[in-house]
Amino acid sequence: MYIERLNYSGLNCYRLANGVLELIITGDVGPRIIHFGFIGDRNEFYQADPLALPADRSAWQLYGGHRLWHAPEAAGRTTVPDNAPITVEDHGDFVRIIQPTDAAGIEKQIDIRLTPASNRVQLTHRLINHNLWGVELAVWALSVMNPSGTAVIPLPPRGSHPDDLLPNATLAIWPYVDLSDPRFGFGRKYIRIAHNPHVSTPLKLGASVSSGWIAYTNADHLFIKQFEYAADAAYPDLGSNVEVFANDFMLELETLSPLITLAPTASVEHVERWTLVKDVPEVASDDAIDRCVLPVVNS
């Protein structure tokens with residue numbers, strides 16, 4: 001893995017590369033991965049334009065990229081600004097990025113491991129409680145994707161009546177969501193959420209995803225996030241370990257760890273494994289997902 005310092009869109013940053021993929025970490029703010037993609041190719045993440053530090057460093061700023069929060073969402077908790085410089089540690093086979101303890105008393109860290117000469121990267125998201133009391137939280141990893149793609153949420157294995165009499169799937173629906181929104185595509189095995197740059201109405205859906213993956217296809221690239229699922233754990237937002245949010249300029253792929261009470265000085269981790277693949281068509285049906293996405297998930 002190769003690491004170098006550089007100026008990126010006016011910010012002091014760090015570039016990681018393995019011959020196939022490159023990631024750019026913001027050094028002036030964060031922890032945040034502002035760029036991710038194949039070397040010399042486009043950024044898979046949405047990036048604010050211009051990418052600039054706010055005049056008021058005490059105000060939360062949408063930069064884009066991939067970030068780390070702690071759930072459940074609440075004003076004064078998830079909107080704690082990340083406008084201060086971070087620490088970057090090179091550990092040889094991984095890089096650790098560290099945010100100073102935030103106003104909620106939580107320290108955020110992300111460990112990034114790039115598999116040599118491959119299209120895969122592993123991120124370990126870590127929260128450390130520096131309060132004198134326990135804090136109920138879940139690790140919340142959010143990737144802000146470029147517009148005009150399609151998110152894929154897998155449903156649990158489907159069954160038949162009268163053999164399967166009990167439910168095996170849950171969805172969390174936010175009060176501002178209209179299920180007749182044409183951006184939704186409800187299949188038997190998958191839910192598709194198509195980003196539409198002409199629709200500014202916010203949309204959000206949460207789900208309990210036991211198969212441990214979520215995907216996004218965009219302009220013949222396929223991005224997959226894989227993660228661990230704990231069947232006996234409590235998750236935030238009515239049991240959601242996956243959430244998708246969309247508006248007119250971006251779509252967020254979000255994964256969450258189980259909800260716990262984190263004791264003083266204790267830490268909790270949440271791992272995502274990313275895979276990026278070229279030459280994958282847009283998916284508009286369950287059959288297309290089975291054919292184009294599932295083989296990559298299972299590889």
# chains A, B, ... in the order shown; residues from 1 in each chain; ligands from 1
call {"tool": "residues_around", "arguments": {"residues": "region 13-26 of chain A", "least_positions_apart": "4", "cutoff": "9 Å", "atoms": "only C-alpha atoms", "output": "short mmCIF file (atom, residue, chain, number, x, y, z; two decimals) with C-alpha atoms, in the first residue's frame"}}
result
data_model
loop_
_atom_site.label_atom_id
_atom_site.label_comp_id
_atom_site.auth_asym_id
_atom_site.auth_seq_id
_atom_site.Cartn_x
_atom_site.Cartn_y
_atom_site.Cartn_z
CA MET A 1 0.00 0.00 0.00
CA TYR A 2 1.31 3.41 -1.03
CA ILE A 3 0.60 6.61 0.93
CA GLU A 4 1.46 10.19 0.02
CA ARG A 5 0.47 13.69 1.11
CA LEU A 6 -1.11 16.00 -1.45
CA ASN A 7 -3.30 19.04 -1.95
CA TYR A 8 -6.71 17.91 -3.14
CA GLY A 30 -12.67 14.27 9.23
CA PRO A 31 -12.39 11.38 9.66
CA ARG A 32 -13.51 11.32 6.03
CA ILE A 33 -12.60 9.54 2.79
CA ILE A 34 -13.45 12.13 0.17
CA HIS A 35 -12.42 10.14 -2.92
CA PHE A 36 -12.64 6.43 -3.75
CA GLY A 37 -12.29 4.75 -7.11
CA PHE A 38 -10.10 3.04 -9.65
CA ILE A 39 -6.77 4.80 -10.21
CA GLY A 40 -7.17 7.49 -12.86
CA PRO A 85 -7.66 18.44 11.55
CA ILE A 86 -7.28 14.70 12.04
CA VAL A 88 -3.10 9.96 10.28
CA VAL A 95 -3.61 3.42 7.91
CA ILE A 97 -7.29 8.10 10.83
CA LEU A 114 -6.06 -2.00 1.00
CA THR A 115 -5.56 -5.53 -0.30
CA PRO A 116 -2.47 -5.39 -2.55
CA ALA A 117 -3.21 -5.13 -6.29
CA SER A 118 -6.92 -5.83 -5.84
CA ASN A 119 -10.31 -4.14 -6.06
CA ARG A 120 -11.04 -4.61 -2.34
CA VAL A 121 -10.56 -2.52 0.79
CA LEU A 276 -15.53 -2.13 -6.73
#
call {"tool": "closest_atom_pairs", "arguments": {"of": "region 206-243 of chain A", "to": "region 283-295 of chain A", "cutoff": "12 Å", "atoms": "only C-alpha atoms", "output": "JSON lines"}}
result
{"residue": "A:Ser211", "atom": "CA", "partner": "A:Leu294", "partner_atom": "CA", "distance": 11.1}
{"residue": "A:Trp213", "atom": "CA", "partner": "A:Leu294", "partner_atom": "CA", "distance": 9.9}
{"residue": "A:Ile214", "atom": "CA", "partner": "A:Val293", "partner_atom": "CA", "distance": 10.0}
{"residue": "A:Ala215", "atom": "CA", "partner": "A:Val293", "partner_atom": "CA", "distance": 7.9}
{"residue": "A:Tyr216", "atom": "CA", "partner": "A:Val283", "partner_atom": "CA", "distance": 9.4}
{"residue": "A:Thr217", "atom": "CA", "partner": "A:Val283", "partner_atom": "CA", "distance": 7.2}
{"residue": "A:Asn218", "atom": "CA", "partner": "A:Val283", "partner_atom": "CA", "distance": 9.4}
{"residue": "A:Ala219", "atom": "CA", "partner": "A:Val283", "partner_atom": "CA", "distance": 10.7}
{"residue": "A:Asp220", "atom": "CA", "partner": "A:Val283", "partner_atom": "CA", "distance": 9.8}
{"residue": "A:His221", "atom": "CA", "partner": "A:Val293", "partner_atom": "CA", "distance": 10.7}
{"residue": "A:Leu222", "atom": "CA", "partner": "A:Val293", "partner_atom": "CA", "distance": 7.7}
{"residue": "A:Phe223", "atom": "CA", "partner": "A:Val293", "partner_atom": "CA", "distance": 9.4}
{"residue": "A:Ile224", "atom": "CA", "partner": "A:Val293", "partner_atom": "CA", "distance": 8.6}
{"residue": "A:Lys225", "atom": "CA", "partner": "A:Val293", "partner_atom": "CA", "distance": 11.7}
call {"tool": "write_last_selection", "arguments": {"atoms": "C-alpha atoms", "output": "PDB file, in the first residue's frame"}}
result
ATOM      1  CA  SER A 211     -27.193 -11.496   4.240  1.00  0.00           C
ATOM      2  CA  TRP A 213     -24.381  -6.693   2.006  1.00  0.00           C
ATOM      3  CA  ILE A 214     -25.732  -3.659   0.179  1.00  0.00           C
ATOM      4  CA  ALA A 215     -24.800  -2.423  -3.301  1.00  0.00           C
ATOM      5  CA  TYR A 216     -24.886   0.559  -5.648  1.00  0.00           C
ATOM      6  CA  THR A 217     -24.595   0.445  -9.450  1.00  0.00           C
ATOM      7  CA  ASN A 218     -23.746   3.603 -11.331  1.00  0.00           C
ATOM      8  CA  ALA A 219     -22.619   4.083 -14.962  1.00  0.00           C
ATOM      9  CA  ASP A 220     -21.314   0.481 -15.342  1.00  0.00           C
ATOM     10  CA  HIS A 221     -19.517   0.411 -11.967  1.00  0.00           C
ATOM     11  CA  LEU A 222     -20.705  -1.759  -9.066  1.00  0.00           C
ATOM     12  CA  PHE A 223     -19.876  -0.830  -5.455  1.00  0.00           C
ATOM     13  CA  ILE A 224     -20.568  -3.410  -2.742  1.00  0.00           C
ATOM     14  CA  LYS A 225     -20.388  -3.013   1.030  1.00  0.00           C
TER      15      LYS A 225
END
call {"tool": "residues_around", "arguments": {"residues": "Ile128 (chain A)", "least_positions_apart": "6", "cutoff": "8 Å", "atoms": "only C-alpha atoms", "output": "list in words"}}
result
Ile106, Glu107, Lys108, Thr265, Ala266, Ser267 and Val268 of chain A
call {"tool": "closest_residue", "arguments": {"among": "A:Glu243, A:Glu89, A:Glu44, A:Glu136", "to": "Ala104 (chain A)", "atoms": "only C-alpha atoms"}}
result
A:Glu136
call {"tool": "closest_residue", "arguments": {"among": "A:Asn241, A:Gly149, A:Leu256, A:Thr170", "to": "Pro281 (chain A)", "atoms": "only C-alpha atoms"}}
result
A:Gly149
call {"tool": "residues_around", "arguments": {"residues": "Tyr176 (chain A)", "least_positions_apart": "2", "cutoff": "9 Å", "atoms": "only C-alpha atoms", "output": "list of chain:residue names"}}
result
A:Ile173, A:Trp174, A:Asp178, A:Thr201, A:Pro202, A:Leu203, A:Lys204
call {"tool": "closest_residue", "arguments": {"among": "A:Gln61, A:Thr261, A:Asn196, A:Asn168", "to": "Asn129 (chain A)", "atoms": "only C-alpha atoms"}}
result
A:Thr261
call {"tool": "select_by_dssp", "arguments": {"residues": "region 74-299 of chain A", "states": "strand (DSSP E)", "output": "PyMOL selection string"}}
result
chain A and resi 87-90+95-99+106-114+120-129+135-145+150-154+171-173+184-186+190-194+203-207+213-218+221-226+242-246+251-256+260-262+267-277
call {"tool": "closest_residue", "arguments": {"among": "A:Leu11, A:Gln226, A:Phe45, A:Arg77", "to": "Leu137 (chain A)", "atoms": "only C-alpha atoms"}}
result
A:Arg77
call {"tool": "closest_residue", "arguments": {"among": "A:Ala103, A:Ala231, A:Leu142, A:Leu53", "to": "Glu272 (chain A)", "atoms": "only C-alpha atoms"}}
result
A:Leu142
call {"tool": "residues_around", "arguments": {"residues": "Pro156 (chain A)", "least_positions_apart": "5", "cutoff": "12 Å", "atoms": "only C-alpha atoms", "output": "ChimeraX atom specification"}}
result
/A:167-171,188-191,207-213
call {"tool": "write_last_selection", "arguments": {"atoms": "C-alpha atoms", "output": "compact mmCIF listing (two decimals), in the first residue's frame"}}
result
# COMPACT_ATOMS: atom_id res chain seq x y z
CA PRO A 167 -42.57 -12.78 9.09
CA ASN A 168 -38.83 -12.69 8.41
CA ALA A 169 -38.24 -9.10 7.20
CA THR A 170 -38.64 -5.61 8.65
CA LEU A 171 -38.53 -2.20 6.99
CA ARG A 188 -39.58 -10.32 -4.51
CA LYS A 189 -35.91 -10.70 -3.51
CA TYR A 190 -34.56 -7.15 -3.56
CA ILE A 191 -35.53 -3.53 -3.05
CA ALA A 207 -33.98 -2.61 6.68
CA SER A 208 -32.74 -5.60 8.60
CA VAL A 209 -30.35 -7.29 6.15
CA SER A 210 -29.26 -10.71 7.36
CA SER A 211 -27.19 -11.50 4.24
CA GLY A 212 -24.68 -8.79 5.17
CA TRP A 213 -24.38 -6.69 2.01
call {"tool": "select_by_dssp", "arguments": {"residues": "region 136-254 of chain A", "states": "helix (DSSP H, G or I)", "output": "PyMOL selection string"}}
result
chain A and resi 236-239
call {"tool": "decode", "arguments": {"residues": "region 166-206 of chain A", "atoms": "N, CA and C atoms", "output": "mmCIF file, in the first residue's frame"}}
result
data_model
loop_
_atom_site.group_PDB
_atom_site.id
_atom_site.type_symbol
_atom_site.label_atom_id
_atom_site.label_comp_id
_atom_site.auth_asym_id
_atom_site.auth_seq_id
_atom_site.Cartn_x
_atom_site.Cartn_y
_atom_site.Cartn_z
ATOM 1 N N LEU A 166 -44.644 -17.134 9.657
ATOM 2 C CA LEU A 166 -44.151 -16.007 10.445
ATOM 3 C C LEU A 166 -43.342 -15.051 9.568
ATOM 4 N N PRO A 167 -43.337 -13.744 9.890
ATOM 5 C CA PRO A 167 -42.570 -12.776 9.088
ATOM 6 C C PRO A 167 -41.073 -12.963 9.288
ATOM 7 N N ASN A 168 -40.286 -12.584 8.276
ATOM 8 C CA ASN A 168 -38.829 -12.685 8.408
ATOM 9 C C ASN A 168 -38.119 -11.430 7.887
ATOM 10 N N ALA A 169 -38.857 -10.328 7.686
ATOM 11 C CA ALA A 169 -38.237 -9.099 7.204
ATOM 12 C C ALA A 169 -38.903 -7.904 7.857
ATOM 13 N N THR A 170 -38.104 -6.861 8.128
ATOM 14 C CA THR A 170 -38.640 -5.607 8.649
ATOM 15 C C THR A 170 -38.088 -4.448 7.835
ATOM 16 N N LEU A 171 -38.927 -3.437 7.646
ATOM 17 C CA LEU A 171 -38.526 -2.197 6.993
ATOM 18 C C LEU A 171 -38.842 -1.042 7.929
ATOM 19 N N ALA A 172 -37.965 -0.052 7.967
ATOM 20 C CA ALA A 172 -38.198 1.170 8.735
ATOM 21 C C ALA A 172 -38.511 2.287 7.752
ATOM 22 N N ILE A 173 -39.635 2.970 7.979
ATOM 23 C CA ILE A 173 -40.119 3.988 7.058
ATOM 24 C C ILE A 173 -40.184 5.322 7.798
ATOM 25 N N TRP A 174 -39.469 6.313 7.303
ATOM 26 C CA TRP A 174 -39.429 7.621 7.942
ATOM 27 C C TRP A 174 -40.712 8.402 7.628
ATOM 28 N N PRO A 175 -41.127 9.325 8.500
ATOM 29 C CA PRO A 175 -42.416 10.008 8.323
ATOM 30 C C PRO A 175 -42.551 10.807 7.031
ATOM 31 N N TYR A 176 -41.432 11.211 6.451
ATOM 32 C CA TYR A 176 -41.492 12.021 5.226
ATOM 33 C C TYR A 176 -41.468 11.184 3.951
ATOM 34 N N VAL A 177 -41.508 9.865 4.081
ATOM 35 C CA VAL A 177 -41.368 8.975 2.929
ATOM 36 C C VAL A 177 -42.735 8.576 2.386
ATOM 37 N N ASP A 178 -42.858 8.604 1.065
ATOM 38 C CA ASP A 178 -44.062 8.174 0.350
ATOM 39 C C ASP A 178 -43.714 6.884 -0.401
ATOM 40 N N LEU A 179 -44.330 5.782 -0.016
ATOM 41 C CA LEU A 179 -43.996 4.500 -0.643
ATOM 42 C C LEU A 179 -44.443 4.396 -2.096
ATOM 43 N N SER A 180 -45.251 5.354 -2.552
ATOM 44 C CA SER A 180 -45.586 5.376 -3.978
ATOM 45 C C SER A 180 -44.539 6.125 -4.800
ATOM 46 N N ASP A 181 -43.491 6.616 -4.141
ATOM 47 C CA ASP A 181 -42.402 7.324 -4.827
ATOM 48 C C ASP A 181 -41.825 6.419 -5.915
ATOM 49 N N PRO A 182 -41.760 6.872 -7.164
ATOM 50 C CA PRO A 182 -41.287 6.010 -8.251
ATOM 51 C C PRO A 182 -39.812 5.657 -8.171
ATOM 52 N N ARG A 183 -39.075 6.287 -7.250
ATOM 53 C CA ARG A 183 -37.671 5.878 -7.073
ATOM 54 C C ARG A 183 -37.552 4.493 -6.434
ATOM 55 N N PHE A 184 -38.605 4.041 -5.769
ATOM 56 C CA PHE A 184 -38.617 2.699 -5.187
ATOM 57 C C PHE A 184 -38.910 1.656 -6.262
ATOM 58 N N GLY A 185 -38.212 0.540 -6.182
ATOM 59 C CA GLY A 185 -38.539 -0.626 -6.985
ATOM 60 C C GLY A 185 -38.595 -1.834 -6.062
ATOM 61 N N PHE A 186 -39.799 -2.335 -5.783
ATOM 62 C CA PHE A 186 -39.967 -3.444 -4.840
ATOM 63 C C PHE A 186 -40.064 -4.754 -5.614
ATOM 64 N N GLY A 187 -39.054 -5.602 -5.484
ATOM 65 C CA GLY A 187 -39.087 -6.922 -6.088
ATOM 66 C C GLY A 187 -39.363 -7.980 -5.047
ATOM 67 N N ARG A 188 -39.374 -9.220 -5.456
ATOM 68 C CA ARG A 188 -39.582 -10.316 -4.511
ATOM 69 C C ARG A 188 -38.347 -10.535 -3.645
ATOM 70 N N LYS A 189 -37.155 -10.396 -4.215
ATOM 71 C CA LYS A 189 -35.914 -10.704 -3.509
ATOM 72 C C LYS A 189 -35.104 -9.480 -3.125
ATOM 73 N N TYR A 190 -35.372 -8.345 -3.781
ATOM 74 C CA TYR A 190 -34.562 -7.147 -3.561
ATOM 75 C C TYR A 190 -35.442 -5.903 -3.598
ATOM 76 N N ILE A 191 -34.962 -4.869 -2.899
ATOM 77 C CA ILE A 191 -35.528 -3.526 -3.046
ATOM 78 C C ILE A 191 -34.502 -2.669 -3.773
ATOM 79 N N ARG A 192 -34.938 -1.988 -4.819
ATOM 80 C CA ARG A 192 -34.080 -1.065 -5.557
ATOM 81 C C ARG A 192 -34.515 0.371 -5.262
ATOM 82 N N ILE A 193 -33.536 1.243 -5.075
ATOM 83 C CA ILE A 193 -33.809 2.664 -4.892
ATOM 84 C C ILE A 193 -32.981 3.411 -5.931
ATOM 85 N N ALA A 194 -33.657 3.967 -6.919
ATOM 86 C CA ALA A 194 -32.979 4.668 -8.010
ATOM 87 C C ALA A 194 -32.824 6.134 -7.663
ATOM 88 N N HIS A 195 -31.604 6.642 -7.778
ATOM 89 C CA HIS A 195 -31.398 8.066 -7.552
ATOM 90 C C HIS A 195 -31.891 8.859 -8.767
ATOM 91 N N ASN A 196 -32.608 9.945 -8.490
ATOM 92 C CA ASN A 196 -33.117 10.817 -9.554
ATOM 93 C C ASN A 196 -32.672 12.244 -9.267
ATOM 94 N N PRO A 197 -31.759 12.806 -10.068
ATOM 95 C CA PRO A 197 -31.254 14.160 -9.794
ATOM 96 C C PRO A 197 -32.292 15.259 -9.963
ATOM 97 N N HIS A 198 -33.467 14.907 -10.470
ATOM 98 C CA HIS A 198 -34.516 15.903 -10.680
ATOM 99 C C HIS A 198 -35.563 15.891 -9.571
ATOM 100 N N VAL A 199 -35.381 15.035 -8.565
ATOM 101 C CA VAL A 199 -36.338 14.938 -7.463
ATOM 102 C C VAL A 199 -35.622 15.314 -6.162
ATOM 103 N N SER A 200 -36.015 16.433 -5.575
ATOM 104 C CA SER A 200 -35.345 16.918 -4.367
ATOM 105 C C SER A 200 -35.989 16.414 -3.085
ATOM 106 N N THR A 201 -37.185 15.820 -3.180
ATOM 107 C CA THR A 201 -37.863 15.307 -1.987
ATOM 108 C C THR A 201 -37.013 14.230 -1.326
ATOM 109 N N PRO A 202 -36.678 14.377 -0.043
ATOM 110 C CA PRO A 202 -35.847 13.356 0.597
ATOM 111 C C PRO A 202 -36.578 12.027 0.742
ATOM 112 N N LEU A 203 -35.800 10.979 0.676
ATOM 113 C CA LEU A 203 -36.314 9.607 0.776
ATOM 114 C C LEU A 203 -35.374 8.834 1.686
ATOM 115 N N LYS A 204 -35.947 8.019 2.561
ATOM 116 C CA LYS A 204 -35.102 7.169 3.412
ATOM 117 C C LYS A 204 -35.827 5.878 3.743
ATOM 118 N N LEU A 205 -35.058 4.792 3.730
ATOM 119 C CA LEU A 205 -35.603 3.473 4.058
ATOM 120 C C LEU A 205 -34.549 2.707 4.849
ATOM 121 N N GLY A 206 -34.990 2.049 5.917
ATOM 122 C CA GLY A 206 -34.116 1.184 6.692
ATOM 123 C C GLY A 206 -34.571 -0.263 6.573
#
